[in-house]
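Peer 1: Once you've had a glance at the structure underneath, I'll fire off some questions.
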Amino acid sequence: MRTNRQSASEPVPSEGPRPRQTSDDLELPLGPRTPAYRFFEALPAIISFTAVGLVFVLPFIDAMVGAVYVLSIVGLMFARAMLGAIDVTRGFLRYRRAARVDWAARLTDLERAMDGRPSLAHPRGGFRAAEHKVLVEQITGDPGSIMRPSSLLHAVVVAAYNEPYPVIADTIRTLLHTSTSPDRLLVFFAYEERGGPAMAETARRLDAEYGYRFGAFVLVKHPASLPDEVAGKGANITYAGHRLAEWVRERAIDPHRVIVTSLDCDNIPHESYFDCVAYEYAIALDRERLSFQPISLYITNIWDVPAPSRVVASANCFWNLTTTVRRLALRNFASHAQPLTALVEMGFWSKRTIVEDGHQYWRSWFHFNGDYRVVPIHVPIFQDAVQAGTFTATMVAQFRQLSRWSYGASDVPYVGVRVFAADARSPFCPGVLRFLSLLEGHVSLASISIIIAIGGWIPFVVAAQTGQATSVVERMPMTVGIVQQFGMIGLVVSVLVFNALLPPRPVHVPRERRATMWLQWLLYPLTLLVFNSSTALYSQWCLLTGRYRERFDVTEKTAGGMPRTGV
């Protein structure tokens with residue numbers, strides 16, 4: 001690892017009258033909840049089940065009221081579909097443009113501007129080229145306005161449980177071939193004691209074969225059955241995070257120069273990912289209060305997985321592309337990066353949740369009393385779609401994965417009790433808006449697909465039986481069908497984007513699979529019902545009844561003929 005590092009400007013400290021919350025204040029509760037907490041836990045299920053129930057109840061009260069209720073929701077979803085089509089296209093185009101940028105060259109531009117030297121010759125166009133030119137001119141006049149890029153280190157916490165060696169080795173090898181020099185990557189391999197002797201042997205072998213090629217390669221074994229933890233990724237990477245902080249202190253490395261990325265052991269970062277993060281971190285004045293969110297694309301093994309899993313994976317890709325252009329909707333998800341200093345202050349990630357990635361946004365937002373934001377990184381980290389041996393096993397694994405993700409509804413009480421607390425430290429109005437957005441997202445996930453699927457027929461059937469039929473009610477099935485057909489425009493746009501994202505067809509995949517990549521979209525409505533709505537309702541029912549999920553169900557996957565587990 002490099003030992004001579006040039007100085008850089010000190011980070012801008014956070015200002016504000018409110019003291020920051022400690023890591024204990026930020027942790028999720030275990031055991032009995034307060035009445036207020038229980039109220040917010042039950043709220044998503046109450047609203048979701050009520051929203052679906054009204055489809056059946058309102059027509060018996062007044063068929064027209066029931067029809068208006070359904071048509072209002074269908075109309076809202078149509079507008080969202082159109083906006084979503086626009087935003088997924090914008091997100092895709094930004095991804096394509098950002099992926100073509102030589103971010104290492106732009107970092108060199110910043111470095112040379114700090115030294116008063118002209119930029120080296122390289123292509124000047126591309127994503128945010130005009131902004132970069134202005135920035136270089138500003139730095140030339142004020143070299144201390146940014147952090148020196150060459151001083152930055154990337155700590156990469158790779159989480160593993162019981163995955164086989166070839167799966168993990170693929171990820172480690174990709175870290176050696178990014179545009180960032182490996183001697184600036186500090187790899188902390190966080191593996192579980194629960195993985196047994198095989199996992200320990202995998203860790204030892206990885207260290208022996210690859211460790212010497214990085215700035216550091218540290219093995220961190222997370223002990224089993226530590227108190228006050230939910231066994232899972234959050235507890236694992238938090239344990240490794242504390243070891244990272246200790247390692248940095250022992251070597252007198254300035255923690256402000258360390259950016260931490262958490263990776264699953266089957267993740268493949270884009271070759272420019274670390275340089276892109278370094279660029280955004282170096283130029284930001286409020287870098288301590290930022291996190292950096294790349295695009296998660298579930299396409300690594302997309303040609304090999306069954307059609308329903310492909311549809312689910314594509315929907316996740318669409319959402320991740322869309323949020324990169326919706327700053328207010330952008331949250332931490334899957335792999336992301338944060339400054340080491342911020343992570344140390346807040347006690348790293350939560351040790352008590354099975355959805356530590358999404359929860360990290362709220363943990364950070366409350367730690368910084370609302371003075372926190374997520375910066376989109378428009379290059380991807382590639383991940384696997386769910387695949388597990390047989391078709392049935394894959395469907396079960398897919399359901400378990402989405403059930404775990406939808407348990408993010410557990411953030412509703414976490415946010416609610418803090419936003420509406422009498423001694424709340426975060427700003428009230430921004431907090432309320434975020435709370436409502438969070439609540440609405442989980443309610444929509446659980447209920448909207450069901451309402452659209454059956455809502456057009458219920459008022460019509462009830463009205464026919466009760467004699468309340470009107471022309472509007474009689475045309476309900478046809479009206480909803482027509483709106484859905486127009487809504488397919490948004491789906492068509494998304495399908496075109498998905499096909500543009502596809503990696504080349506592997507040689508072992510028959511040519512006929514290309515046709516099924518188009519036909520699979522006939523399963524889209526059914527997939528939303530079977531997986532999205534059902535898993536969301538199940539998770540919200542667990543919260544309503546106090547059946548808390550305190551076990552991380554590892555999702556089995558298969559890629560390239562090699563079984564794997566992952567998140």
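If you're wondering about the labels, chains in the structure tokens are A, B, ... by order shown, residues count from 1 in each chain, ligands from 1 in order shown.
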Near Ser309 of chain A, counting only C-alpha atoms, which residues have an atom at most 10 Å away, once you skip same-chain residues fewer than 3 positions from it, shown as a list in words?
Peer 2: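 Listed by chain and then number, they are Ile302, Asp304, Val305, Pro306, Val312, Ala313, Ser314, Ala315, Ala385, Val386, Gln387, Phe391, Thr394, Met395, Ala397, Gln398, Phe399, Gln520, Thr527 and Phe531 of chain A.
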Peer 1: I'd like to know which residues of segment 86-211 of chain A are strand (DSSP E) (by DSSP, run on the backbone); could you write them as a short mmCIF file (atom, residue, chain, number, x, y, z; two decimals) with all heavy atoms, in the first residue's frame?
Peer 2:
```
data_model
loop_
_atom_site.label_atom_id
_atom_site.label_comp_id
_atom_site.auth_asym_id
_atom_site.auth_seq_id
_atom_site.Cartn_x
_atom_site.Cartn_y
_atom_site.Cartn_z
N LEU A 153 -8.63 6.43 -0.30
CA LEU A 153 -8.59 4.97 -0.25
C LEU A 153 -10.02 4.43 -0.28
O LEU A 153 -10.93 5.04 0.27
CB LEU A 153 -7.88 4.48 1.01
CG LEU A 153 -6.39 4.76 1.15
CD1 LEU A 153 -5.93 4.44 2.56
CD2 LEU A 153 -5.59 3.95 0.14
N HIS A 154 -10.20 3.28 -0.88
CA HIS A 154 -11.50 2.63 -0.92
C HIS A 154 -11.45 1.36 -0.08
O HIS A 154 -10.72 0.41 -0.42
CB HIS A 154 -11.89 2.28 -2.36
CG HIS A 154 -12.06 3.47 -3.24
ND1 HIS A 154 -13.26 4.14 -3.38
CD2 HIS A 154 -11.16 4.12 -4.03
CE1 HIS A 154 -13.11 5.15 -4.22
NE2 HIS A 154 -11.85 5.16 -4.63
N ALA A 155 -12.19 1.35 1.01
CA ALA A 155 -12.35 0.13 1.79
C ALA A 155 -13.55 -0.63 1.24
O ALA A 155 -14.64 -0.07 1.12
CB ALA A 155 -12.55 0.46 3.27
N VAL A 156 -13.34 -1.89 0.90
CA VAL A 156 -14.40 -2.71 0.30
C VAL A 156 -14.71 -3.84 1.27
O VAL A 156 -13.89 -4.74 1.47
CB VAL A 156 -13.97 -3.27 -1.07
CG1 VAL A 156 -15.15 -3.97 -1.74
CG2 VAL A 156 -13.42 -2.16 -1.95
N VAL A 157 -15.88 -3.77 1.89
CA VAL A 157 -16.30 -4.81 2.83
C VAL A 157 -17.13 -5.82 2.05
O VAL A 157 -18.24 -5.51 1.60
CB VAL A 157 -17.12 -4.22 3.99
CG1 VAL A 157 -17.56 -5.32 4.96
CG2 VAL A 157 -16.30 -3.17 4.74
N VAL A 158 -16.58 -7.02 1.87
CA VAL A 158 -17.23 -8.07 1.10
C VAL A 158 -17.85 -9.07 2.07
O VAL A 158 -17.14 -9.72 2.85
CB VAL A 158 -16.23 -8.78 0.17
CG1 VAL A 158 -16.94 -9.87 -0.65
CG2 VAL A 158 -15.55 -7.78 -0.75
N ALA A 159 -19.17 -9.17 2.06
CA ALA A 159 -19.88 -10.04 3.00
C ALA A 159 -20.09 -11.42 2.40
O ALA A 159 -20.47 -11.56 1.24
CB ALA A 159 -21.24 -9.42 3.36
N ALA A 160 -19.84 -12.45 3.21
CA ALA A 160 -20.02 -13.83 2.76
C ALA A 160 -20.56 -14.67 3.91
O ALA A 160 -20.30 -14.38 5.09
CB ALA A 160 -18.70 -14.41 2.25
N LEU A 185 -7.23 -0.13 -2.85
CA LEU A 185 -8.38 -0.88 -2.37
C LEU A 185 -8.00 -1.66 -1.12
O LEU A 185 -7.04 -2.45 -1.13
CB LEU A 185 -8.90 -1.84 -3.45
CG LEU A 185 -9.32 -1.24 -4.79
CD1 LEU A 185 -9.87 -2.33 -5.69
CD2 LEU A 185 -10.35 -0.13 -4.60
N LEU A 186 -8.74 -1.44 -0.06
CA LEU A 186 -8.55 -2.16 1.19
C LEU A 186 -9.71 -3.14 1.32
O LEU A 186 -10.83 -2.74 1.63
CB LEU A 186 -8.54 -1.19 2.37
CG LEU A 186 -7.70 0.08 2.22
CD1 LEU A 186 -7.88 0.99 3.44
CD2 LEU A 186 -6.23 -0.26 2.01
N VAL A 187 -9.46 -4.39 1.07
CA VAL A 187 -10.52 -5.40 1.05
C VAL A 187 -10.63 -6.04 2.43
O VAL A 187 -9.65 -6.62 2.93
CB VAL A 187 -10.25 -6.48 -0.02
CG1 VAL A 187 -11.36 -7.52 -0.01
CG2 VAL A 187 -10.12 -5.83 -1.39
N PHE A 188 -11.79 -5.93 3.02
CA PHE A 188 -12.08 -6.58 4.30
C PHE A 188 -13.11 -7.67 4.03
O PHE A 188 -14.27 -7.38 3.76
CB PHE A 188 -12.58 -5.57 5.32
CG PHE A 188 -11.47 -4.78 5.96
CD1 PHE A 188 -10.74 -3.86 5.22
CD2 PHE A 188 -11.12 -4.99 7.29
CE1 PHE A 188 -9.70 -3.15 5.79
CE2 PHE A 188 -10.08 -4.28 7.87
CZ PHE A 188 -9.36 -3.36 7.12
N PHE A 189 -12.62 -8.90 4.07
CA PHE A 189 -13.49 -10.04 3.75
C PHE A 189 -14.21 -10.47 5.02
O PHE A 189 -13.63 -11.07 5.92
CB PHE A 189 -12.66 -11.18 3.17
CG PHE A 189 -13.50 -12.33 2.71
CD1 PHE A 189 -14.38 -12.19 1.65
CD2 PHE A 189 -13.44 -13.56 3.36
CE1 PHE A 189 -15.16 -13.25 1.23
CE2 PHE A 189 -14.21 -14.62 2.95
CZ PHE A 189 -15.08 -14.46 1.87
N ALA A 190 -15.50 -10.14 5.08
CA ALA A 190 -16.32 -10.38 6.27
C ALA A 190 -17.08 -11.70 6.10
O ALA A 190 -18.05 -11.76 5.35
CB ALA A 190 -17.29 -9.22 6.48
N TYR A 191 -16.61 -12.74 6.78
CA TYR A 191 -17.26 -14.04 6.63
C TYR A 191 -17.79 -14.52 7.98
O TYR A 191 -17.32 -14.11 9.05
CB TYR A 191 -16.31 -15.06 6.02
CG TYR A 191 -15.14 -15.47 6.88
CD1 TYR A 191 -15.15 -16.67 7.59
CD2 TYR A 191 -13.99 -14.68 6.98
CE1 TYR A 191 -14.06 -17.07 8.36
CE2 TYR A 191 -12.91 -15.05 7.75
CZ TYR A 191 -12.95 -16.25 8.44
OH TYR A 191 -11.88 -16.63 9.22
N GLU A 192 -18.79 -15.38 7.90
CA GLU A 192 -19.49 -15.82 9.09
C GLU A 192 -18.86 -17.07 9.70
O GLU A 192 -18.55 -18.03 8.98
CB GLU A 192 -20.96 -16.12 8.75
CG GLU A 192 -21.78 -14.92 8.32
CD GLU A 192 -22.25 -14.08 9.49
OE1 GLU A 192 -21.81 -14.35 10.64
OE2 GLU A 192 -23.05 -13.16 9.26
#
```
Peer 1: Considering only C-alpha atoms, give me a table of residues in segment 308-390 of chain A that are at most 7 Å from segment 71-93 of chain A, with the closest atom pair and distance in Å for each, as a tab-separated table.
Peer 2:
```
residue	atom	partner	partner_atom	distance
A:Phe318	CA	A:Val88	CA	6.0
A:Leu321	CA	A:Gly91	CA	4.8
A:Thr322	CA	A:Val88	CA	4.6
A:Thr324	CA	A:Gly91	CA	6.1
A:Val325	CA	A:Gly91	CA	6.0
```
Peer 1: Determine, counting only C-alpha atoms, which protein, DNA and RNA residues have an atom within 6 Å of an atom of segment 211-215 of chain A; residues of the same chain fewer than 4 positions away are not included. Present the result as a list in words.
Peer 2: Met1, Pro182, Asp183, Arg184, Leu185, Leu186 and Asp207 of chain A
Peer 1: At a cut-off of 9 Å, using only C-alpha atoms, what residues contact Gly456 of chain A? Leave out same-chain residues fewer than 4 positions from it and give the result as a list in words.
Peer 2: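 Non-adjacent residues within range: Ala67, Val70, Leu71, Ile451, Ile452, Phe460, Val473, Arg475, Met476, Pro477, Met478, Thr479, Val480 and Gly481 of chain A.
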Peer 1: Can you tell me how far atom CA of Glu41 of chain A sits from atom CA of Val443 of chain A, in Å to one decimal?
Peer 2: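 Distance reported for this atom pair: 12.6 Å.
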Peer 1: Which of these residues is nearest to Glu163 of chain A, using only C-alpha atoms: A:Asn267, A:Thr300, A:Ser145, A:Thr202?
Peer 2: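 Counting only C-alpha atoms, the residue closest to Glu163 of chain A is A:Thr202.
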Peer 1: For Arg204 of chain A, which residue among A:Pro223, A:Ala63, A:Leu176, A:Tyr165 is the nearest when counting only C-alpha atoms?
Peer 2: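 Closest to Arg204 of chain A, using only C-alpha atoms: A:Tyr165.
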Peer 1: If you measure from atom CA of Ala536 of chain A to atom CA of Asn162 of chain A, what distance in Å do you get, rounded to one decimal?
Peer 2: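 Between these atoms lies a distance of 27.6 Å.
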Peer 1: Can you tell me which residues surround Leu528 of chain A at a distance of at most 9 Å, considering only C-alpha atoms, apart from same-chain residues fewer than 5 positions away, and format the answer as a list of chain:residue names?
Peer 2: A:Val312, A:Leu445, A:Ser449, A:Ile450, A:Leu523, A:Ser533, A:Ser534
Peer 1: Only N, CA, C and O atoms, please: the residues just picked out, written as a PDB file, in the first residue's frame.
Peer 2:
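This went into out.pdb:
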```
ATOM      1  N   VAL A 312     -38.982 -10.386 -12.478  1.00  0.00           N
ATOM      2  CA  VAL A 312     -38.738  -9.738 -11.191  1.00  0.00           C
ATOM      3  C   VAL A 312     -37.432  -8.959 -11.231  1.00  0.00           C
ATOM      4  O   VAL A 312     -37.348  -7.811 -10.775  1.00  0.00           O
ATOM      5  N   LEU A 445     -47.103  -1.002  -2.916  1.00  0.00           N
ATOM      6  CA  LEU A 445     -46.518  -2.290  -3.277  1.00  0.00           C
ATOM      7  C   LEU A 445     -47.446  -3.438  -2.911  1.00  0.00           C
ATOM      8  O   LEU A 445     -47.584  -4.413  -3.667  1.00  0.00           O
ATOM      9  N   SER A 449     -51.552  -3.615  -7.152  1.00  0.00           N
ATOM     10  CA  SER A 449     -51.691  -4.655  -8.173  1.00  0.00           C
ATOM     11  C   SER A 449     -52.991  -5.430  -8.006  1.00  0.00           C
ATOM     12  O   SER A 449     -53.657  -5.779  -8.988  1.00  0.00           O
ATOM     13  N   ILE A 450     -53.363  -5.692  -6.759  1.00  0.00           N
ATOM     14  CA  ILE A 450     -54.600  -6.429  -6.503  1.00  0.00           C
ATOM     15  C   ILE A 450     -55.815  -5.586  -6.912  1.00  0.00           C
ATOM     16  O   ILE A 450     -56.749  -6.080  -7.554  1.00  0.00           O
ATOM     17  N   LEU A 523     -46.090 -12.463 -18.531  1.00  0.00           N
ATOM     18  CA  LEU A 523     -46.195 -12.873 -17.134  1.00  0.00           C
ATOM     19  C   LEU A 523     -46.128 -11.691 -16.168  1.00  0.00           C
ATOM     20  O   LEU A 523     -46.266 -11.886 -14.960  1.00  0.00           O
ATOM     21  N   SER A 533     -47.057  -8.171  -4.487  1.00  0.00           N
ATOM     22  CA  SER A 533     -48.163  -7.901  -3.571  1.00  0.00           C
ATOM     23  C   SER A 533     -48.220  -8.906  -2.434  1.00  0.00           C
ATOM     24  O   SER A 533     -48.393  -8.543  -1.267  1.00  0.00           O
ATOM     25  N   SER A 534     -48.067 -10.179  -2.749  1.00  0.00           N
ATOM     26  CA  SER A 534     -48.200 -11.202  -1.710  1.00  0.00           C
ATOM     27  C   SER A 534     -47.088 -11.108  -0.680  1.00  0.00           C
ATOM     28  O   SER A 534     -47.331 -11.248   0.522  1.00  0.00           O
TER      29      SER A 534
END
```
Peer 1: Please measure the separation of atom CA of Asp411 of chain A and atom CA of Ser494 of chain A, giving the value in Å to one decimal.
Peer 2: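 One can read the atom CA of Asp411 of chain A to atom CA of Ser494 of chain A distance as 28.9 Å.
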